[in-house]
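Data block for final19.tsv (TSV, C-alpha atoms and all ligand atoms):
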chain	number	residue	atom	x	y	z
A	822	MET	CA	-48.87	153.59	-114.99
A	823	ILE	CA	-45.52	153.44	-113.19
A	824	PRO	CA	-43.24	155.99	-114.92
A	825	ILE	CA	-39.49	155.52	-115.26
A	826	ALA	CA	-38.73	158.61	-113.15
A	827	LYS	CA	-40.53	161.44	-111.39
A	828	PRO	CA	-39.21	164.66	-109.85
A	829	PHE	CA	-39.77	165.04	-106.11
A	830	PHE	CA	-41.22	168.48	-105.42
A	831	GLY	CA	-43.21	169.61	-102.39
A	832	LYS	CA	-44.76	172.76	-100.95
A	833	GLU	CA	-41.27	174.04	-100.15
A	834	GLU	CA	-40.28	174.31	-103.82
A	835	VAL	CA	-43.60	175.96	-104.73
A	836	LYS	CA	-43.14	178.52	-101.96
A	837	ALA	CA	-39.53	179.20	-102.88
A	838	ALA	CA	-40.30	179.67	-106.59
A	839	LYS	CA	-43.18	181.97	-105.76
A	840	LYS	CA	-41.01	184.03	-103.46
A	841	ALA	CA	-38.34	184.36	-106.15
A	842	ILE	CA	-40.94	185.53	-108.68
A	843	LEU	CA	-42.46	188.06	-106.30
A	844	SER	CA	-39.05	189.36	-105.20
A	845	GLY	CA	-38.63	191.25	-108.45
A	846	TRP	CA	-35.31	189.52	-109.18
A	847	VAL	CA	-35.80	186.48	-111.42
A	848	SER	CA	-32.56	186.27	-113.43
A	849	GLN	CA	-29.26	185.04	-111.99
A	850	GLY	CA	-28.97	186.68	-108.59
A	851	PRO	CA	-29.02	186.01	-104.83
A	852	LYS	CA	-30.80	182.63	-104.99
A	853	VAL	CA	-28.32	181.28	-107.55
A	854	LYS	CA	-25.54	182.46	-105.26
A	855	GLU	CA	-27.11	180.75	-102.25
A	856	PHE	CA	-27.57	177.52	-104.24
A	857	GLU	CA	-23.89	177.63	-105.28
A	858	GLU	CA	-22.76	178.15	-101.68
A	859	ARG	CA	-24.87	175.28	-100.34
A	860	PHE	CA	-23.87	172.99	-103.22
A	861	ARG	CA	-20.17	173.71	-102.78
A	862	SER	CA	-20.40	172.97	-99.11
A	863	TYR	CA	-22.46	169.77	-99.64
A	864	VAL	CA	-20.06	168.15	-102.12
A	865	GLY	CA	-16.94	169.42	-100.32
A	866	ALA	CA	-15.55	171.65	-103.10
A	867	LYS	CA	-13.95	175.06	-102.65
A	868	TYR	CA	-15.96	176.66	-105.47
A	869	ALA	CA	-19.20	176.14	-107.38
A	870	CYS	CA	-20.66	177.97	-110.37
A	871	ALA	CA	-24.26	177.44	-111.50
A	872	VAL	CA	-25.10	177.40	-115.21
A	873	SER	CA	-28.07	176.66	-117.48
A	874	SER	CA	-27.32	172.94	-118.03
A	875	CYS	CA	-24.70	170.24	-117.59
A	876	THR	CA	-23.93	170.51	-121.31
A	877	ALA	CA	-23.06	174.18	-120.74
A	878	ALA	CA	-21.01	173.21	-117.66
A	879	LEU	CA	-19.03	170.60	-119.64
A	880	HIS	CA	-18.40	173.11	-122.44
A	881	LEU	CA	-17.02	175.70	-119.99
A	882	ALA	CA	-14.96	173.04	-118.19
A	883	LEU	CA	-13.30	171.93	-121.43
A	884	LEU	CA	-12.55	175.53	-122.47
A	885	THR	CA	-11.19	176.34	-119.03
A	886	VAL	CA	-8.64	173.50	-118.94
A	887	GLY	CA	-7.44	174.72	-122.33
A	888	VAL	CA	-9.11	172.40	-124.85
A	889	LYS	CA	-8.71	174.07	-128.25
A	890	PRO	CA	-10.14	173.52	-131.74
A	891	GLY	CA	-8.40	170.57	-133.36
A	892	ASN	CA	-7.57	168.89	-130.03
A	893	THR	CA	-8.74	165.42	-129.08
A	894	VAL	CA	-10.55	164.57	-125.86
A	895	VAL	CA	-10.76	160.96	-124.72
A	896	THR	CA	-14.19	159.94	-123.46
A	897	VAL	CA	-16.75	157.12	-123.57
A	898	SER	CA	-19.25	156.62	-126.36
A	899	HIS	CA	-21.57	154.95	-123.83
A	900	SER	CA	-23.20	158.09	-122.43
A	901	PHE	CA	-25.96	160.53	-123.14
A	902	ILE	CA	-24.91	162.35	-126.32
A	903	ALA	CA	-24.37	165.62	-124.40
A	904	THR	CA	-20.99	164.26	-123.27
A	905	ALA	CA	-19.69	164.02	-126.84
A	906	ASN	CA	-21.54	167.18	-127.93
A	907	SER	CA	-19.80	169.30	-125.29
A	908	ILE	CA	-16.43	168.29	-126.78
A	909	SER	CA	-17.66	169.26	-130.25
A	910	HIS	CA	-18.89	172.62	-128.90
A	911	ALA	CA	-15.30	173.33	-127.80
A	912	GLY	CA	-14.18	172.66	-131.38
A	913	ALA	CA	-12.37	169.47	-130.35
A	914	LYS	CA	-12.95	165.85	-131.37
A	915	PRO	CA	-14.05	163.12	-129.02
A	916	ILE	CA	-12.24	159.81	-129.29
A	917	PHE	CA	-14.18	156.96	-127.74
A	918	VAL	CA	-12.91	154.19	-125.47
A	919	ASP	CA	-14.85	151.19	-124.23
A	920	ILE	CA	-16.46	150.62	-120.84
A	921	ASP	CA	-16.11	148.11	-118.06
A	922	PRO	CA	-19.27	145.96	-118.47
A	923	GLU	CA	-19.73	145.70	-114.67
A	924	THR	CA	-20.00	149.44	-113.95
A	925	PHE	CA	-20.90	150.83	-117.43
A	926	ASN	CA	-18.04	153.31	-116.87
A	927	MET	CA	-14.79	154.02	-118.71
A	928	SER	CA	-12.40	151.08	-118.59
A	929	ALA	CA	-9.05	152.20	-117.13
A	930	THR	CA	-7.27	149.52	-119.19
A	931	CYS	CA	-8.81	150.80	-122.44
A	932	LEU	CA	-7.96	154.39	-121.48
A	933	GLU	CA	-4.29	153.59	-120.90
A	934	LYS	CA	-4.02	151.64	-124.16
A	935	CYS	CA	-5.60	154.54	-126.00
A	936	LEU	CA	-3.28	157.18	-124.51
A	937	ARG	CA	-0.23	155.11	-125.46
A	938	ARG	CA	-1.03	155.40	-129.14
A	939	GLN	CA	-3.12	158.57	-129.48
A	940	ARG	CA	-1.48	161.95	-130.12
A	941	ASN	CA	-2.79	165.47	-129.55
A	942	VAL	CA	-4.99	164.46	-126.58
A	943	SER	CA	-5.72	167.51	-124.42
A	944	ALA	CA	-8.05	166.13	-121.73
A	945	ILE	CA	-9.94	163.13	-120.40
A	946	LEU	CA	-13.70	163.43	-119.91
A	947	VAL	CA	-14.96	160.64	-117.63
A	948	VAL	CA	-18.60	159.94	-116.80
A	949	HIS	CA	-20.13	158.72	-113.54
A	950	GLN	CA	-22.75	156.85	-115.51
A	951	MET	CA	-26.21	156.58	-113.98
A	952	GLY	CA	-24.73	158.01	-110.77
A	953	MET	CA	-22.25	155.15	-110.33
A	954	PRO	CA	-18.80	156.64	-109.73
A	955	CYS	CA	-16.16	155.53	-112.24
A	956	ASP	CA	-12.86	154.09	-111.03
A	957	LEU	CA	-11.30	157.50	-110.38
A	958	LYS	CA	-8.33	156.16	-108.46
A	959	LYS	CA	-7.05	154.20	-111.46
A	960	ILE	CA	-8.06	156.82	-114.01
A	961	LEU	CA	-6.42	159.72	-112.12
A	962	ALA	CA	-3.18	157.73	-111.82
A	963	ILE	CA	-3.16	157.23	-115.60
A	964	ALA	CA	-3.99	160.91	-116.19
A	965	ARG	CA	-1.04	161.95	-113.99
A	966	LYS	CA	1.27	159.68	-115.94
A	967	PHE	CA	0.24	161.31	-119.22
A	968	LYS	CA	-0.06	164.82	-117.63
A	969	LEU	CA	-3.68	165.27	-118.70
A	970	HIS	CA	-6.57	167.19	-117.16
A	971	VAL	CA	-9.58	165.16	-115.98
A	972	ILE	CA	-13.11	166.52	-116.19
A	973	GLU	CA	-15.87	164.56	-114.48
A	974	ASP	CA	-19.28	164.36	-116.15
A	975	ALA	CA	-21.17	164.00	-112.88
A	976	ALA	CA	-24.51	164.87	-114.53
A	977	CYS	CA	-26.23	162.01	-112.70
A	978	ALA	CA	-24.03	161.73	-109.62
A	979	ILE	CA	-25.23	164.23	-106.97
A	980	GLY	CA	-25.13	162.43	-103.61
A	981	SER	CA	-22.93	159.55	-104.82
A	982	GLN	CA	-19.82	158.82	-102.78
A	983	ILE	CA	-16.38	157.44	-103.47
A	984	SER	CA	-13.52	156.17	-101.34
A	985	MET	CA	-10.00	156.68	-102.65
A	986	ASN	CA	-8.41	154.67	-99.81
A	987	GLY	CA	-10.21	151.36	-99.60
A	988	GLY	CA	-13.22	152.49	-97.58
A	989	ARG	CA	-11.48	154.40	-94.77
A	990	ASN	CA	-12.77	157.80	-95.94
A	991	TRP	CA	-15.82	158.61	-98.02
A	992	GLU	CA	-16.05	161.69	-100.21
A	993	ARG	CA	-18.85	163.05	-102.35
A	994	ILE	CA	-18.63	163.17	-106.11
A	995	GLY	CA	-18.02	166.83	-106.94
A	996	LYS	CA	-15.27	167.32	-104.34
A	997	PRO	CA	-13.78	167.31	-107.14
A	998	HIS	CA	-11.29	164.49	-107.64
A	999	GLY	CA	-10.32	165.48	-111.16
A	1000	ASP	CA	-9.90	169.15	-112.09
A	1001	ILE	CA	-13.58	170.03	-112.51
A	1002	ALA	CA	-16.88	168.19	-111.96
A	1003	CYS	CA	-20.10	169.03	-113.85
A	1004	PHE	CA	-23.67	168.29	-112.67
A	1005	SER	CA	-27.12	168.31	-114.30
A	1006	PHE	CA	-30.46	169.31	-112.76
A	1007	HIS	CA	-32.65	167.98	-115.57
A	1008	PRO	CA	-35.81	166.25	-114.23
A	1009	ARG	CA	-34.36	162.79	-115.04
A	1010	LYS	CA	-31.59	163.41	-112.52
A	1011	VAL	CA	-31.76	162.99	-108.75
A	1012	LEU	CA	-31.97	166.73	-107.94
A	1013	THR	CA	-33.84	168.97	-110.36
A	1014	THR	CA	-34.40	172.65	-111.04
A	1015	GLY	CA	-36.31	171.98	-114.29
A	1016	ASP	CA	-33.08	172.45	-116.21
A	1017	GLY	CA	-29.75	173.58	-114.88
A	1018	GLY	CA	-26.15	172.67	-114.22
A	1019	MET	CA	-23.24	173.24	-111.83
A	1020	LEU	CA	-19.45	173.26	-112.05
A	1021	THR	CA	-17.33	172.50	-108.99
A	1022	THR	CA	-13.58	172.96	-108.63
A	1023	ASN	CA	-10.88	173.69	-106.09
A	1024	ASN	CA	-9.07	176.00	-108.50
A	1025	ARG	CA	-9.80	179.70	-107.85
A	1026	LEU	CA	-8.77	180.83	-111.33
A	1027	TYR	CA	-10.96	178.18	-112.98
A	1028	ASN	CA	-13.90	179.37	-110.92
A	1029	ARG	CA	-13.35	182.99	-111.98
A	1030	ARG	CA	-13.25	181.84	-115.58
A	1031	PHE	CA	-16.59	179.99	-115.24
A	1032	HIS	CA	-18.25	183.08	-113.79
A	1033	LEU	CA	-16.89	185.27	-116.58
A	1034	LEU	CA	-17.79	182.90	-119.44
A	1035	ARG	CA	-21.34	182.08	-118.28
A	1036	HIS	CA	-22.35	185.75	-118.49
A	1037	GLN	CA	-21.08	186.97	-121.89
A	1038	GLY	CA	-17.58	187.56	-120.54
A	1039	MET	CA	-18.90	190.44	-118.44
A	1040	SER	CA	-16.49	191.66	-115.74
A	1041	ILE	CA	-19.15	192.90	-113.27
A	1042	SER	CA	-22.39	191.02	-112.56
A	1043	ASP	CA	-25.87	192.55	-112.89
A	1044	ARG	CA	-26.32	192.16	-109.17
A	1045	GLU	CA	-23.11	194.06	-108.33
A	1046	ARG	CA	-24.21	196.96	-110.52
A	1047	HIS	CA	-27.70	196.89	-109.05
A	1048	CYS	CA	-26.38	197.01	-105.48
A	1049	SER	CA	-23.65	199.57	-106.12
A	1050	LYS	CA	-24.06	203.01	-104.56
A	1051	ARG	CA	-21.79	204.46	-107.21
A	1052	VAL	CA	-22.09	204.42	-110.97
A	1053	ILE	CA	-19.95	201.58	-112.32
A	1054	PHE	CA	-19.44	200.24	-115.83
A	1055	GLU	CA	-18.75	196.67	-116.80
A	1056	GLY	CA	-16.11	195.51	-119.28
A	1057	TYR	CA	-15.94	192.54	-121.63
A	1058	PRO	CA	-12.39	191.18	-121.57
A	1059	VAL	CA	-13.24	187.86	-123.29
A	1060	ILE	CA	-15.90	186.36	-125.55
A	1061	GLY	CA	-18.47	184.59	-123.37
A	1062	TYR	CA	-21.83	182.85	-123.51
A	1063	ASN	CA	-25.30	183.12	-122.05
A	1064	TYR	CA	-25.19	180.08	-119.76
A	1065	ARG	CA	-26.95	181.72	-116.82
A	1066	MET	CA	-29.25	179.96	-114.38
A	1067	THR	CA	-32.37	181.92	-113.30
A	1068	ASP	CA	-33.07	182.80	-109.67
A	1069	ILE	CA	-36.33	180.79	-109.86
A	1070	GLN	CA	-34.21	177.72	-110.64
A	1071	GLY	CA	-31.73	178.70	-107.94
A	1072	ALA	CA	-34.57	178.88	-105.41
A	1073	LEU	CA	-35.71	175.37	-106.41
A	1074	GLY	CA	-32.16	174.10	-106.11
A	1075	VAL	CA	-31.80	175.41	-102.56
A	1076	GLU	CA	-34.93	173.50	-101.47
A	1077	GLN	CA	-34.01	170.34	-103.40
A	1078	LEU	CA	-30.57	170.28	-101.83
A	1079	LYS	CA	-32.13	170.25	-98.33
A	1080	LYS	CA	-33.80	166.94	-99.28
A	1081	ILE	CA	-30.94	165.29	-101.12
A	1082	GLU	CA	-29.81	162.94	-98.35
A	1083	LYS	CA	-33.36	161.70	-97.85
A	1084	ILE	CA	-33.80	161.20	-101.61
A	1085	VAL	CA	-30.54	159.28	-102.03
A	1086	LYS	CA	-31.29	157.10	-98.98
A	1087	LYS	CA	-34.67	156.15	-100.44
A	1088	ARG	CA	-33.19	155.34	-103.85
A	1089	ARG	CA	-30.62	153.07	-102.22
A	1090	GLU	CA	-33.43	151.27	-100.38
A	1091	ILE	CA	-35.36	150.78	-103.64
A	1092	ALA	CA	-32.23	149.37	-105.32
A	1093	ILE	CA	-31.78	146.88	-102.48
A	1094	ALA	CA	-35.44	145.86	-102.79
A	1095	TYR	CA	-35.04	145.25	-106.54
A	1096	THR	CA	-31.79	143.34	-106.07
A	1097	LYS	CA	-33.34	141.09	-103.40
A	1098	GLY	CA	-36.62	140.66	-105.27
A	1099	LEU	CA	-34.90	139.65	-108.50
A	1100	GLU	CA	-32.52	137.20	-106.85
A	1101	GLY	CA	-32.56	133.80	-108.53
A	1102	VAL	CA	-33.92	135.08	-111.88
A	1103	ASP	CA	-31.14	133.31	-113.78
A	1104	TRP	CA	-31.67	135.19	-117.06
A	1105	LEU	CA	-31.21	138.59	-115.48
A	1106	LYS	CA	-28.04	140.22	-114.14
A	1107	VAL	CA	-28.63	142.97	-111.60
A	1108	SER	CA	-26.03	145.69	-111.00
A	1109	GLU	CA	-23.74	145.75	-108.02
A	1110	GLU	CA	-21.80	148.68	-106.71
A	1111	PRO	CA	-18.02	148.20	-106.50
A	1112	ALA	CA	-16.49	148.37	-102.99
A	1113	TYR	CA	-14.96	151.80	-103.74
A	1114	CYS	CA	-18.30	153.60	-104.10
A	1115	LYS	CA	-21.84	154.22	-102.88
A	1116	THR	CA	-24.04	155.16	-105.81
A	1117	ASN	CA	-27.20	157.31	-105.74
A	1118	TRP	CA	-28.83	154.86	-108.22
A	1119	GLN	CA	-29.90	157.63	-110.59
A	1120	SER	CA	-30.97	154.67	-112.75
A	1121	TYR	CA	-31.36	151.01	-111.86
A	1122	PRO	CA	-30.00	148.90	-114.76
A	1123	VAL	CA	-30.50	145.15	-115.24
A	1124	ARG	CA	-28.94	143.11	-118.02
A	1125	VAL	CA	-31.12	140.63	-119.96
A	1126	LEU	CA	-28.93	137.58	-120.59
A	1127	LYS	CA	-28.81	135.21	-123.60
A	1128	ASN	CA	-30.91	132.53	-121.85
A	1129	ALA	CA	-33.85	134.92	-121.29
A	1130	PRO	CA	-37.29	133.54	-122.26
A	1131	MET	CA	-37.84	136.53	-124.54
A	1132	LYS	CA	-35.80	139.24	-126.23
A	1133	ARG	CA	-35.06	142.46	-124.34
A	1134	ASP	CA	-37.36	144.64	-126.45
A	1135	ARG	CA	-40.29	142.23	-126.11
A	1136	LEU	CA	-39.79	142.19	-122.36
A	1137	MET	CA	-39.93	146.00	-122.32
A	1138	GLN	CA	-43.20	145.90	-124.31
A	1139	ARG	CA	-44.64	143.29	-121.96
A	1140	LEU	CA	-43.83	145.46	-118.95
A	1141	LEU	CA	-45.30	148.50	-120.68
A	1142	ASP	CA	-48.51	146.53	-121.33
A	1143	ALA	CA	-48.59	145.77	-117.59
A	1144	GLY	CA	-48.32	149.50	-116.81
A	1145	ILE	CA	-44.59	149.66	-116.13
A	1146	ALA	CA	-42.39	152.08	-118.09
A	1147	THR	CA	-38.77	151.04	-118.68
A	1148	ARG	CA	-35.96	152.39	-120.84
A	1149	ARG	CA	-33.24	150.70	-122.85
A	1150	GLY	CA	-29.62	150.88	-121.72
A	1151	ILE	CA	-27.61	154.08	-122.14
A	1152	MET	CA	-27.05	155.08	-125.78
A	1153	ASN	CA	-23.72	155.07	-127.61
A	1154	ALA	CA	-22.70	158.23	-129.48
A	1155	HIS	CA	-20.74	156.25	-132.11
A	1156	GLN	CA	-23.89	154.37	-133.12
A	1157	GLU	CA	-25.71	157.61	-133.93
A	1158	LYS	CA	-25.39	159.37	-137.27
A	1159	ALA	CA	-23.88	162.50	-135.72
A	1160	TYR	CA	-20.80	160.56	-134.55
A	1161	SER	CA	-20.74	157.54	-136.85
A	1162	SER	CA	-17.64	158.76	-138.70
A	1163	TYR	CA	-15.63	159.45	-135.53
A	1164	ALA	CA	-12.66	157.33	-134.52
A	1165	SER	CA	-12.66	155.00	-131.58
A	1166	CYS	CA	-9.70	153.68	-129.64
A	1167	GLY	CA	-10.07	149.92	-129.88
A	1168	SER	CA	-13.33	147.99	-129.99
A	1169	LEU	CA	-16.51	149.36	-128.38
A	1170	ARG	CA	-18.05	145.93	-127.99
A	1171	SER	CA	-18.93	146.30	-124.28
A	1172	SER	CA	-20.61	149.65	-124.97
A	1173	GLU	CA	-22.67	148.14	-127.78
A	1174	ARG	CA	-23.71	145.16	-125.67
A	1175	ALA	CA	-24.71	147.41	-122.77
A	1176	ARG	CA	-27.00	149.45	-125.00
A	1177	ASP	CA	-28.65	146.35	-126.42
A	1178	GLU	CA	-28.93	144.15	-123.33
A	1179	VAL	CA	-29.81	146.56	-120.52
A	1180	ILE	CA	-33.20	147.65	-119.21
A	1181	LEU	CA	-33.60	150.53	-116.77
A	1182	LEU	CA	-36.34	149.93	-114.18
A	1183	PRO	CA	-38.48	152.66	-112.58
A	1184	ILE	CA	-36.78	154.36	-109.65
A	1185	TYR	CA	-37.83	157.59	-107.90
A	1186	TYR	CA	-38.44	158.90	-104.40
A	1187	THR	CA	-42.21	158.37	-104.29
A	1188	LEU	CA	-42.16	154.85	-105.78
A	1189	LYS	CA	-44.25	152.76	-103.37
A	1190	ASP	CA	-43.39	149.31	-102.02
A	1191	SER	CA	-46.47	147.90	-103.78
A	1192	GLN	CA	-45.17	149.31	-107.09
A	1193	ILE	CA	-41.69	147.88	-106.54
A	1194	ASN	CA	-43.30	144.51	-105.82
A	1195	LYS	CA	-45.40	144.78	-108.96
A	1196	VAL	CA	-42.29	145.34	-111.10
A	1197	ILE	CA	-40.57	142.38	-109.45
A	1198	LYS	CA	-43.65	140.15	-109.86
A	1199	GLU	CA	-44.12	141.02	-113.53
A	1200	ILE	CA	-40.48	140.19	-114.27
A	1201	ARG	CA	-40.56	136.95	-112.26
A	1202	ASN	CA	-43.73	135.90	-114.14
A	1203	VAL	CA	-42.01	136.05	-117.52
A	1301	LIG	C1	-28.18	164.27	-118.54
A	1301	LIG	C2	-26.77	164.14	-118.90
A	1301	LIG	C3	-26.04	165.19	-119.47
A	1301	LIG	C4	-26.68	166.47	-119.93
A	1301	LIG	O1	-27.27	167.22	-118.92
A	1301	LIG	P1	-28.10	168.55	-119.30
A	1301	LIG	O2	-28.25	169.24	-117.98
A	1301	LIG	O3	-29.41	168.08	-119.85
A	1301	LIG	O4	-27.32	169.33	-120.27
A	1301	LIG	C5	-24.69	165.02	-119.70
A	1301	LIG	N1	-24.07	163.87	-119.40
A	1301	LIG	C6	-24.73	162.82	-118.85
A	1301	LIG	C7	-23.98	161.58	-118.51
A	1301	LIG	C8	-26.10	162.92	-118.60
A	1301	LIG	O5	-26.76	161.87	-118.09

Could the structure of this file be written out as structure tokens, please?
Ligand SMILES: *Cc1c(COP(=O)(O)O)cnc(C)c1O
Amino acid sequence: MIPIAKPFFGKEEVKAAKKAILSGWVSQGPKVKEFEERFRSYVGAKYACAVSSCTAALHLALLTVGVKPGNTVVTVSHSFIATANSISHAGAKPIFVDIDPETFNMSATCLEKCLRRQRNVSAILVVHQMGMPCDLKKILAIARKFKLHVIEDAACAIGSQISMNGGRNWERIGKPHGDIACFSFHPRKVLTTGDGGMLTTNNRLYNRRFHLLRHQGMSISDRERHCSKRVIFEGYPVIGYNYRMTDIQGALGVEQLKKIEKIVKKRREIAIAYTKGLEGVDWLKVSEEPAYCKTNWQSYPVRVLKNAPMKRDRLMQRLLDAGIATRRGIMNAHQEKAYSSYASCGSLRSSERARDEVILLPIYYTLKDSQINKVIKEIRNV
């Protein structure tokens, strides 16, 4: 069976986790701090704060830019439901705009139309869907015009790059380009710590807020008290959360980050192999990356067109019967019961089509050439 995804762990992660366990310090401590420092430096941000998940990171990001109960946050419906849920956790309401069918990311045109008629919007939450950077240059220009904060849901986008000046300079997602970027380390993502998340920002006060809120609003960390030679007492100036990452996860993250370039390079090679191998299949549309970005191909989506010899779902079953796991396109929050009564800004037709027409093919570091060829052959045989 070829699975859809597989984490890439080696002896290094096993050793690091073991060391963290035997060190006597397993909750948020020195390894989390080291992971933050390495992560910050890798993406090119001034600050990073590790948390328990990307959902937690998004929640803290929204609170930190001042999203309040009753506010509206513009986002896409076409995303894992955590994107919309994080807005609800902040007491605000998501309002959904449609995507660009080429990149599966927020359409800048739809965003601008929405902001012209929507009141009480407090922030924009964009997604770098499946690792593919959204058109930040256009979106940030619109956000400036309407004086709105931009939070990047970069759950899938570790190692992806973007150029804001037509390819002259390349920068990593997480730099950040908006106000705050949020990452996920769930096993379906490109770098994993089992579960986990990270916030990056260039704003010192935001970073202090993240650190305070992730640990029950506590003014002094456990580690500081532990290392102090004098008796010190912590205070609780604000109401916070338990969004801490453990040091075992932090230790995994440090090792995973050492491999990230290698992992992303391999994924980009697999994507090229798929794109080449599926060339000429006239009922299938493969994805292309826009000139402004280099994606990490967290997922490899293909669109099954109208002239296909069989329906999308039957094709998925046929591949499954041949030992190849696939997944349908990204979900839409507005098509789920939890968000079915929520307003959208304009039609969400492109989002709906993407969910119903797309198949995600297996992609992970240890996927062998023979397995890639098998996937290509099975599709070509249809
Ligand atoms: C996976 C994912 C999340 C949630 O990440 P967790 O770490 O599981 O909370 C949020 N947004 C997007 C786009 C995702 O793909």

Show me which residues sit within 8 Å of ligand LIG 1301 (chain A) when counting all atoms listed in the file, and put them as number ranges by chain. A: 873-879, 900-904, 948-951, 974-977, 1004-1007, 1009-1010, 1016-1018

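Minimum atom-to-atom distance to Pro954 in chain A, evaluated using all atoms listed in the file, belongs to A:Gln1119 out of A:Gln1037, A:Gln1119, A:Ser1165, A:Gln1138.
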
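With all atoms listed in the file taken into account, the protein and nucleic acid residues at most 10 Å from range 1139-1142 of chain A (excluding it and anything under 2 positions from it in its own chain) are Met822, Ile823, Pro824, Met1131, Arg1133, Asp1134, Arg1135, Leu1136, Met1137, Gly1144, Ile1145, Ala1146, Thr1147, Leu1182, Val1196, Glu1199, Ile1200 and Val1203 of chain A.
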
Of the residues A:Ala905, A:Val1179, A:Ala911, A:Ile1001, which is the one nearest to Tyr1160 in chain A, using only C-alpha atoms?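 That would be A:Ala905, the residue with the smallest distance to Tyr1160 in chain A.
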
Å distance separating CA of Lys1195 in chain A from CA of Ser1108 in chain A, one decimal place: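 So the answer is 19.5 Å.
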
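Counting only C-alpha atoms, the residue from A:Ala871, A:Ala1164, A:Ala929, A:Ala866 that sits nearest to Lys914 in chain A is A:Ala1164.
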
In Å, with one decimal, what is the gap from CA of Ala837 in chain A to CA of Lys1086 in chain A?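 Computing it gives 23.9 Å between the two atoms.
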
Which value, in Å to one decimal, gives the distance between CA of Ala882 in chain A and CA of Ser898 in chain A? 18.8 Å

Residues within 9 Å of (-23.4, 181.8, -114.5), file coords, all atoms listed in the file, listed as a PDB file with C-alpha atoms, in the coordinates of the input:
ATOM      1  CA  GLN A 849     -29.260 185.040-111.990  1.00  0.00           C
ATOM      2  CA  VAL A 853     -28.320 181.280-107.550  1.00  0.00           C
ATOM      3  CA  CYS A 870     -20.660 177.970-110.370  1.00  0.00           C
ATOM      4  CA  ALA A 871     -24.260 177.440-111.500  1.00  0.00           C
ATOM      5  CA  VAL A 872     -25.100 177.400-115.210  1.00  0.00           C
ATOM      6  CA  SER A 873     -28.070 176.660-117.480  1.00  0.00           C
ATOM      7  CA  MET A1019     -23.240 173.240-111.830  1.00  0.00           C
ATOM      8  CA  PHE A1031     -16.590 179.990-115.240  1.00  0.00           C
ATOM      9  CA  HIS A1032     -18.250 183.080-113.790  1.00  0.00           C
ATOM     10  CA  LEU A1033     -16.890 185.270-116.580  1.00  0.00           C
ATOM     11  CA  LEU A1034     -17.790 182.900-119.440  1.00  0.00           C
ATOM     12  CA  ARG A1035     -21.340 182.080-118.280  1.00  0.00           C
ATOM     13  CA  HIS A1036     -22.350 185.750-118.490  1.00  0.00           C
ATOM     14  CA  ASN A1063     -25.300 183.120-122.050  1.00  0.00           C
ATOM     15  CA  TYR A1064     -25.190 180.080-119.760  1.00  0.00           C
ATOM     16  CA  ARG A1065     -26.950 181.720-116.820  1.00  0.00           C
ATOM     17  CA  MET A1066     -29.250 179.960-114.380  1.00  0.00           C
TER      18      MET A1066
END

Which of A:Tyr863, A:Ile960, A:Arg1201, A:Val947 sits closest to Gly1101 in chain A [using all atoms listed in the file]: A:Arg1201

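Closest to Leu932 in chain A among A:Arg1088, A:Pro1183, A:Ser1168, A:Val835 is A:Ser1168, based on all atoms listed in the file.
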
Any idea what's packed within 10 Å of Asp1177 in chain A, counting only C-alpha atoms, ignoring anything in its chain fewer than 4 positions away? Could you give it as a PDB file with C-alpha atoms, in the frame of the given file?
ATOM      1  CA  ARG A1124     -28.940 143.110-118.020  1.00  0.00           C
ATOM      2  CA  VAL A1125     -31.120 140.630-119.960  1.00  0.00           C
ATOM      3  CA  ARG A1133     -35.060 142.460-124.340  1.00  0.00           C
ATOM      4  CA  ASP A1134     -37.360 144.640-126.450  1.00  0.00           C
ATOM      5  CA  ARG A1149     -33.240 150.700-122.850  1.00  0.00           C
ATOM      6  CA  GLY A1150     -29.620 150.880-121.720  1.00  0.00           C
ATOM      7  CA  ILE A1151     -27.610 154.080-122.140  1.00  0.00           C
ATOM      8  CA  MET A1152     -27.050 155.080-125.780  1.00  0.00           C
ATOM      9  CA  SER A1171     -18.930 146.300-124.280  1.00  0.00           C
ATOM     10  CA  SER A1172     -20.610 149.650-124.970  1.00  0.00           C
ATOM     11  CA  GLU A1173     -22.670 148.140-127.780  1.00  0.00           C
TER      12      GLU A1173
END

Can you pull out every residue within 10 Å of Asn1023 in chain A, counting only C-alpha atoms, but drop anything in the same chain fewer than 4 positions away, and send it as a JSON list (two decimals) with C-alpha atoms, in the coordinates of the input?
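File written: out28.json
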[["chain", "number", "residue", "atom", "x", "y", "z"],
["A", 861, "ARG", "CA", -20.17, 173.71, -102.78],
["A", 865, "GLY", "CA", -16.94, 169.42, -100.32],
["A", 866, "ALA", "CA", -15.55, 171.65, -103.10],
["A", 867, "LYS", "CA", -13.95, 175.06, -102.65],
["A", 868, "TYR", "CA", -15.96, 176.66, -105.47],
["A", 869, "ALA", "CA", -19.20, 176.14, -107.38],
["A", 995, "GLY", "CA", -18.02, 166.83, -106.94],
["A", 996, "LYS", "CA", -15.27, 167.32, -104.34],
["A", 997, "PRO", "CA", -13.78, 167.31, -107.14],
["A", 998, "HIS", "CA", -11.29, 164.49, -107.64],
["A", 999, "GLY", "CA", -10.32, 165.48, -111.16],
["A", 1000, "ASP", "CA", -9.90, 169.15, -112.09],
["A", 1001, "ILE", "CA", -13.58, 170.03, -112.51],
["A", 1027, "TYR", "CA", -10.96, 178.18, -112.98],
["A", 1028, "ASN", "CA", -13.90, 179.37, -110.92]]

List the spatial neighbours of Tyr1057 in chain A as a PyMOL selection string - criterion: any atom at most 7 Å away, all atoms listed in the file, same-chain residues fewer than 6 positions off excluded. chain A and resi 1038-1040
